[in-house]
>>> print(open('work29.txt').read())   # compact mmCIF, C-alpha atoms
# COMPACT_ATOMS: atom_id res chain seq x y z
CA MET C 56 108.44 89.88 154.02
CA ASN C 57 109.19 93.47 153.14
CA GLN C 58 107.90 93.02 149.64
CA ILE C 59 107.22 96.26 147.84
CA SER C 60 104.20 96.05 145.63
CA ALA C 61 105.24 98.59 143.02
CA LYS C 62 102.70 99.61 140.47
CA ARG C 63 103.29 101.61 137.37
CA ARG C 64 101.00 103.04 134.73
CA LYS C 65 101.48 101.33 131.38
CA ALA C 66 99.79 101.33 127.99
CA PHE C 67 97.64 98.30 127.14
CA VAL C 68 96.52 97.41 123.62
CA ASP C 69 93.23 95.65 122.93
CA GLU C 70 94.83 93.51 120.22
CA ALA C 71 91.54 92.11 118.95
CA TYR C 72 90.50 95.57 117.77
CA CYS C 73 93.90 97.05 116.82
CA VAL C 74 94.10 97.96 113.12
CA ALA C 75 97.92 98.16 113.11
CA CYS C 76 97.93 101.63 111.54
CA GLY C 77 100.98 102.74 113.50
CA CYS C 78 99.70 106.14 114.70
CA CYS C 79 100.80 105.18 118.21
CA VAL C 80 104.34 104.43 117.03
CA LYS C 81 104.67 107.92 115.58
CA VAL C 82 103.78 109.70 118.82
CA CYS C 83 105.60 107.50 121.34
CA PRO C 84 108.50 109.55 122.75
CA LEU C 85 110.29 106.45 124.07
CA LYS C 86 109.88 104.10 121.09
CA ALA C 87 108.11 101.76 123.49
CA ILE C 88 105.38 100.72 121.06
CA THR C 89 105.79 98.92 117.76
CA VAL C 90 103.52 97.30 115.21
CA PHE C 91 104.28 93.60 115.41
CA LYS C 92 104.50 92.10 111.89
CA GLY C 93 101.64 94.28 110.65
CA ILE C 94 99.22 92.44 112.93
CA THR C 95 98.86 94.54 116.06
CA ALA C 96 100.57 97.20 118.16
CA ARG C 97 102.63 95.88 121.06
CA VAL C 98 103.94 97.71 124.08
CA ASP C 99 107.40 97.19 125.51
CA ARG C 100 106.44 97.35 129.19
CA GLU C 101 110.05 97.95 130.19
CA ARG C 102 110.21 101.17 128.23
CA CYS C 103 106.63 102.42 128.57
CA VAL C 104 106.13 105.13 131.17
CA GLY C 105 102.37 105.36 130.69
CA CYS C 106 102.34 108.91 129.32
CA GLY C 107 99.18 108.18 127.35
CA LYS C 108 100.14 109.86 124.07
CA CYS C 109 99.44 106.68 122.13
CA ALA C 110 96.05 106.23 123.81
CA LYS C 111 95.09 109.76 122.83
CA GLU C 112 96.27 109.32 119.24
CA CYS C 113 94.86 105.84 118.53
CA PRO C 114 92.11 106.26 115.88
CA ALA C 115 90.35 103.12 117.08
CA SER C 116 90.77 104.02 120.76
CA VAL C 117 92.02 100.56 121.62
CA ILE C 118 94.88 101.68 123.90
CA THR C 119 94.22 102.29 127.58
CA ILE C 120 96.52 103.31 130.39
CA GLN C 121 96.27 100.93 133.33
CA GLU C 122 98.09 100.22 136.54
CA ALA C 123 100.40 97.27 136.12
CA ALA C 124 102.08 95.29 138.86
CA LEU C 125 105.81 95.08 138.32
CA MET D 219 110.57 114.42 116.77
CA LYS D 220 112.78 114.59 113.70
CA LYS D 221 110.84 114.79 110.46
CA ARG D 222 111.75 112.44 107.67
CA TRP D 223 111.10 112.79 103.97
CA TYR D 224 108.10 110.50 104.15
CA ASP D 225 106.42 112.72 106.72
CA TYR D 226 105.65 115.09 103.86
CA LEU D 227 103.78 112.60 101.68
CA TRP D 228 100.54 114.36 102.63
CA ILE D 229 101.61 116.95 100.03
CA ALA D 230 101.59 114.24 97.38
CA SER D 231 98.10 113.18 98.45
CA ALA D 232 96.78 116.74 98.29
CA VAL D 233 98.48 117.41 94.93
CA TYR D 234 97.02 114.16 93.60
CA LEU D 235 93.44 115.19 94.38
CA ILE D 236 93.98 118.65 92.89
CA LEU D 237 95.67 117.38 89.70
CA GLY D 238 92.86 114.87 89.21
CA PHE D 239 90.34 117.65 89.48
CA PHE D 240 91.82 119.42 86.46
CA ASN D 241 93.17 116.51 84.43
CA ILE D 242 91.53 113.19 85.03
CA LEU D 243 94.42 111.17 83.58
CA PHE D 244 96.53 111.94 86.65
CA THR D 245 94.22 109.74 88.72
CA TRP D 246 95.96 106.69 87.26
CA LEU D 247 98.78 107.52 89.68
CA GLY D 248 96.40 106.49 92.47
CA LEU D 249 97.14 102.87 91.60
CA LEU D 250 100.37 103.42 93.54
CA CYS D 251 98.25 103.70 96.70
CA PHE D 252 96.87 100.26 95.90
CA PHE D 253 99.95 98.37 94.85
CA ILE D 254 102.60 99.75 97.20
CA PRO D 255 100.71 98.76 100.40
CA LEU D 256 100.08 95.28 98.98
CA ILE D 257 103.70 94.83 97.91
CA MET D 258 104.88 96.01 101.32
CA ALA D 259 102.51 93.58 103.05
CA ILE D 260 103.46 90.62 100.84
CA ILE D 261 107.21 91.20 100.44
CA GLY D 262 107.97 93.60 103.28
CA LYS D 263 105.84 91.53 105.66
CA ASP D 264 104.40 94.44 107.59
CA LYS D 265 102.06 97.40 107.31
CA GLY D 266 104.93 99.71 106.44
CA TYR D 267 102.73 101.72 104.12
CA CYS D 268 100.15 102.56 106.80
CA ASN D 269 102.82 102.98 109.43
CA ARG D 270 105.03 105.39 107.53
CA TYR D 271 104.11 106.35 103.99
CA CYS D 272 100.36 106.85 103.81
CA GLY D 273 99.90 110.45 102.69
CA ARG D 274 96.16 110.32 103.17
CA GLY D 275 96.51 109.40 106.83
CA GLN D 276 99.01 112.23 107.26
CA LEU D 277 96.59 114.63 105.60
CA PHE D 278 93.84 113.64 108.02
CA SER D 279 96.10 113.94 111.05
CA LEU D 280 97.24 117.36 109.81
CA ILE D 281 93.74 118.75 109.18
CA GLY D 282 92.10 117.03 112.13
CA GLY D 283 95.01 117.14 114.54
CA ARG D 284 97.15 120.19 113.83
CA PHE D 285 94.34 122.36 112.48
CA GLY D 286 91.89 120.91 115.00
CA LEU D 287 89.08 120.12 112.59
CA SER D 288 88.01 117.11 114.62
CA ARG D 289 85.86 116.44 117.68
CA LYS D 290 88.51 113.88 118.74
CA LYS D 291 85.86 111.53 120.08
CA ASP D 292 86.10 107.74 120.12
CA VAL D 293 84.77 105.95 117.07
CA PRO D 294 81.61 103.94 117.75
CA ARG D 295 82.20 100.31 118.56
CA TRP D 296 80.55 98.97 115.40
CA LEU D 297 82.96 100.95 113.21
CA LYS D 298 85.93 98.96 114.50
CA SER D 299 84.12 95.63 114.59
CA LYS D 300 85.36 92.91 112.27
CA TRP D 301 82.08 92.54 110.43
CA PHE D 302 81.99 96.21 109.53
CA ARG D 303 85.65 96.36 108.49
CA TYR D 304 85.47 93.19 106.43
CA GLY D 305 82.04 94.14 105.12
CA PHE D 306 83.33 97.52 103.98
CA LEU D 307 86.30 95.82 102.32
CA ILE D 308 83.96 93.52 100.38
CA PHE D 309 81.72 96.45 99.45
CA PHE D 310 84.76 98.38 98.28
CA PHE D 311 85.92 95.43 96.19
CA ALA D 312 82.46 95.15 94.62
CA MET D 313 82.58 98.83 93.69
CA PHE D 314 86.10 98.45 92.35
CA PHE D 315 85.12 95.56 90.11
CA GLN D 316 82.05 97.43 88.94
CA MET D 317 84.41 100.22 87.91
CA LEU D 318 86.58 97.73 86.01
CA TRP D 319 83.45 96.36 84.35
CA THR D 320 82.43 99.86 83.22
CA THR D 321 85.94 100.33 81.83
CA TRP D 322 85.62 97.03 79.98
CA LEU D 323 82.29 98.06 78.47
CA VAL D 324 83.89 101.23 77.09
CA PHE D 325 86.95 99.28 75.91
CA SER D 326 84.79 96.78 74.01
CA GLY D 327 82.73 99.57 72.49
CA ALA D 328 79.47 98.52 74.16
CA THR D 329 79.05 101.90 75.83
CA ASP D 330 80.46 105.38 75.36
CA LEU D 331 82.80 107.22 77.69
CA LYS D 332 80.90 109.05 80.42
CA GLN D 333 82.67 112.11 81.79
CA VAL D 334 81.11 111.75 85.19
CA VAL D 335 82.47 111.45 88.73
CA THR D 336 80.25 109.42 91.04
CA LEU D 337 80.42 110.46 94.67
CA LEU D 338 79.44 108.11 97.49
CA TRP D 339 78.36 105.56 94.84
CA THR D 340 75.21 107.62 94.25
CA PHE D 341 75.69 111.20 93.12
CA LYS D 342 76.76 111.52 89.51
CA LEU D 343 78.52 114.81 88.92
CA PRO D 344 79.12 115.97 85.33
CA TRP D 345 82.88 116.45 84.98
CA HIS D 346 83.42 117.86 81.51
CA TRP D 347 86.51 119.97 82.16
CA ALA D 348 89.03 117.32 83.09
CA TYR D 349 89.50 115.29 79.89
CA TYR D 350 91.19 116.69 76.83
CA GLY D 351 91.22 113.59 74.61
CA GLY D 352 94.37 112.05 73.23
CA THR D 353 93.91 108.62 74.79
CA ALA D 354 91.70 105.63 74.13
CA PRO D 355 88.24 106.22 75.72
CA TRP D 356 88.65 103.32 78.18
CA VAL D 357 91.79 104.93 79.63
CA ALA D 358 89.75 108.00 80.50
CA GLN D 359 86.81 105.91 81.72
CA PHE D 360 89.05 104.10 84.19
CA ALA D 361 90.46 107.44 85.33
CA PHE D 362 86.98 108.84 86.00
CA GLY D 363 86.02 105.69 87.89
CA PHE D 364 89.22 105.74 89.89
CA TYR D 365 88.84 109.38 90.79
CA SER D 366 85.32 108.56 92.00
CA VAL D 367 86.76 105.92 94.32
CA MET D 368 89.49 108.23 95.63
CA LEU D 369 87.23 111.23 96.11
CA THR D 370 84.50 109.17 97.76
CA SER D 371 86.92 107.64 100.24
CA THR D 372 88.41 111.08 100.94
CA ILE D 373 84.96 112.46 101.69
CA LEU D 374 84.16 109.55 104.02
CA GLY D 375 87.55 110.00 105.69
CA LEU D 376 86.99 113.73 106.17
CA LEU D 377 83.54 113.04 107.59
CA THR D 378 84.79 110.59 110.21
CA MET D 379 87.79 112.86 110.84
CA VAL D 380 85.42 115.64 111.89
CA LEU D 381 83.08 113.37 113.83
CA PHE D 382 85.65 111.18 115.56
CA LYS D 383 89.45 111.12 115.79
CA PRO D 384 91.54 112.63 112.97
CA ARG D 385 92.65 109.33 111.48
CA SER D 386 89.36 107.44 111.99
CA TRP D 387 89.56 106.52 108.31
CA CYS D 388 92.44 104.18 109.18
CA VAL D 389 90.04 102.07 111.25
CA TYR D 390 87.94 101.05 108.25
CA CYS D 391 90.30 101.84 105.35
CA PRO D 392 89.95 98.90 102.94
CA MET D 393 93.65 98.92 102.09
CA GLY D 394 94.54 98.85 105.77
CA THR D 395 92.12 96.01 106.43
CA MET D 396 93.46 94.07 103.46
CA THR D 397 97.14 94.49 104.36
CA GLN D 398 96.42 93.55 107.98
CA LEU D 399 94.58 90.44 106.77
CA ILE D 400 97.61 89.47 104.68
CA CYS D 401 99.89 89.92 107.70
CA LYS D 402 97.50 88.00 109.96
CA ALA D 403 97.26 85.16 107.48
CA ARG D 404 101.04 84.91 107.33
CA GLY D 405 101.21 84.95 111.13
CA ALA D 406 98.68 82.15 111.36
CA VAL D 407 100.54 80.02 108.78
CA ASN D 408 103.90 80.60 110.46
CA SER D 409 102.62 79.72 113.91
CA LYS D 410 101.30 76.38 112.62
CA ARG D 411 104.71 75.37 111.30
>>> encode(input="work29.txt", output="structure tokens")
Amino acid sequence: MNQISAKRRKAFVDEAYCVACGCCVKVCPLKAITVFKGITARVDRERCVGCGKCAKECPASVITIQEAAL
Amino acid sequence: MKKRWYDYLWIASAVYLILGFFNILFTWLGLLCFFIPLIMAIIGKDKGYCNRYCGRGQLFSLIGGRFGLSRKKDVPRWLKSKWFRYGFLIFFFAMFFQMLWTTWLVFSGATDLKQVVTLLWTFKLPWHWAYYGGTAPWVAQFAFGFYSVMLTSTILGLLTMVLFKPRSWCVYCPMGTMTQLICKARGAVNSKR
């Protein structure tokens, strides 16, 4: 009934194009992004506040900030 | 953010290029940049080298990021495509083996040592000041070939640093592609089990 549709801005990684260099990990102030087993960067949606530092840093520009339904 | 000792490895990368300029034998140290990433990918099971210790990446982010020598534009789509990254890796391998072949020719006595650094696989620069003798000719030949590889990749990296984002080199770096392939292969094998 009184359902609140909260939306938050979060980082999203295009895993198919991620090179797993780890530049995003270095700039994340909340340690919300990690390189998973050297394969791709992954975002911890719980921690991410969508600040966009990783998106700006990413050499391959594969991170975008999008609205995510909680 | 707190700096750690490995955040200063860009100094090692810069010193390496400078030492190699004056004494070619120092370029043998560059093998560390080949073996450490591979060992970390095979035994460490991640891209720890890229993620933390790559001095070259740090150098690019310092010059391009801190000093602002970069347009900070997105890399073109083809540069991050699989065919380009894998193609560049294969090309790099071919050049690497050609260098080993040249070393072998000098080792076997078929050709003489050439004190030349080849930039971008094309431009042969006479480099007479960097070798003082004292080793077998093939040792020096390998060093000249290796310095050619390192200098060429630095030039390419600087070029894409200026044109695109500071660490654009990381997108098509052959070592990065190779270590990621190793990690992906392991992931695929493990998920089948």
>>> residues_around(input="work29.txt", residues="C:Thr95", least_positions_apart="2", cutoff="7 Å", atoms="all atoms listed in the file", output="short mmCIF file (atom, residue, chain, number, x, y, z; two decimals) with C-alpha atoms, keeping the file's coordinate frame")
data_model
loop_
_atom_site.label_atom_id
_atom_site.label_comp_id
_atom_site.auth_asym_id
_atom_site.auth_seq_id
_atom_site.Cartn_x
_atom_site.Cartn_y
_atom_site.Cartn_z
CA GLU C 70 94.83 93.51 120.22
CA CYS C 73 93.90 97.05 116.82
CA VAL C 74 94.10 97.96 113.12
CA ALA C 75 97.92 98.16 113.11
CA VAL C 90 103.52 97.30 115.21
CA PHE C 91 104.28 93.60 115.41
CA GLY C 93 101.64 94.28 110.65
CA ARG C 97 102.63 95.88 121.06
#
>>> atom_distance(input="work29.txt", atom1="atom CA of D:Ser386", atom2="atom CA of D:Lys298")
9.5 Å
>>> axis_aligned_box(input="work29.txt", around="stretch 296-301 of chain D", padding_each_side="3 Å", output="AutoDock Vina command-line options")
--center_x 83.2 --center_y 96.7 --center_z 112.9 --size_x 11.4 --size_y 14.4 --size_z 11.0
>>> interface_residues(input="work29.txt", of="chain D", to="chain C", cutoff="7 Å", atoms="only C-alpha atoms", output="ChimeraX atom specification")
/D:263-265,268-269,292-293,298,383,385-386,388-389,398,401-402
>>> residues_near_point(input="work29.txt", point="(87.6, 114.7, 118.1)", cutoff="7 Å", atoms="only C-alpha atoms", output="list of chain:residue names")
D:Ser288, D:Arg289, D:Lys290, D:Lys291, D:Val380, D:Leu381, D:Phe382, D:Lys383, D:Pro384
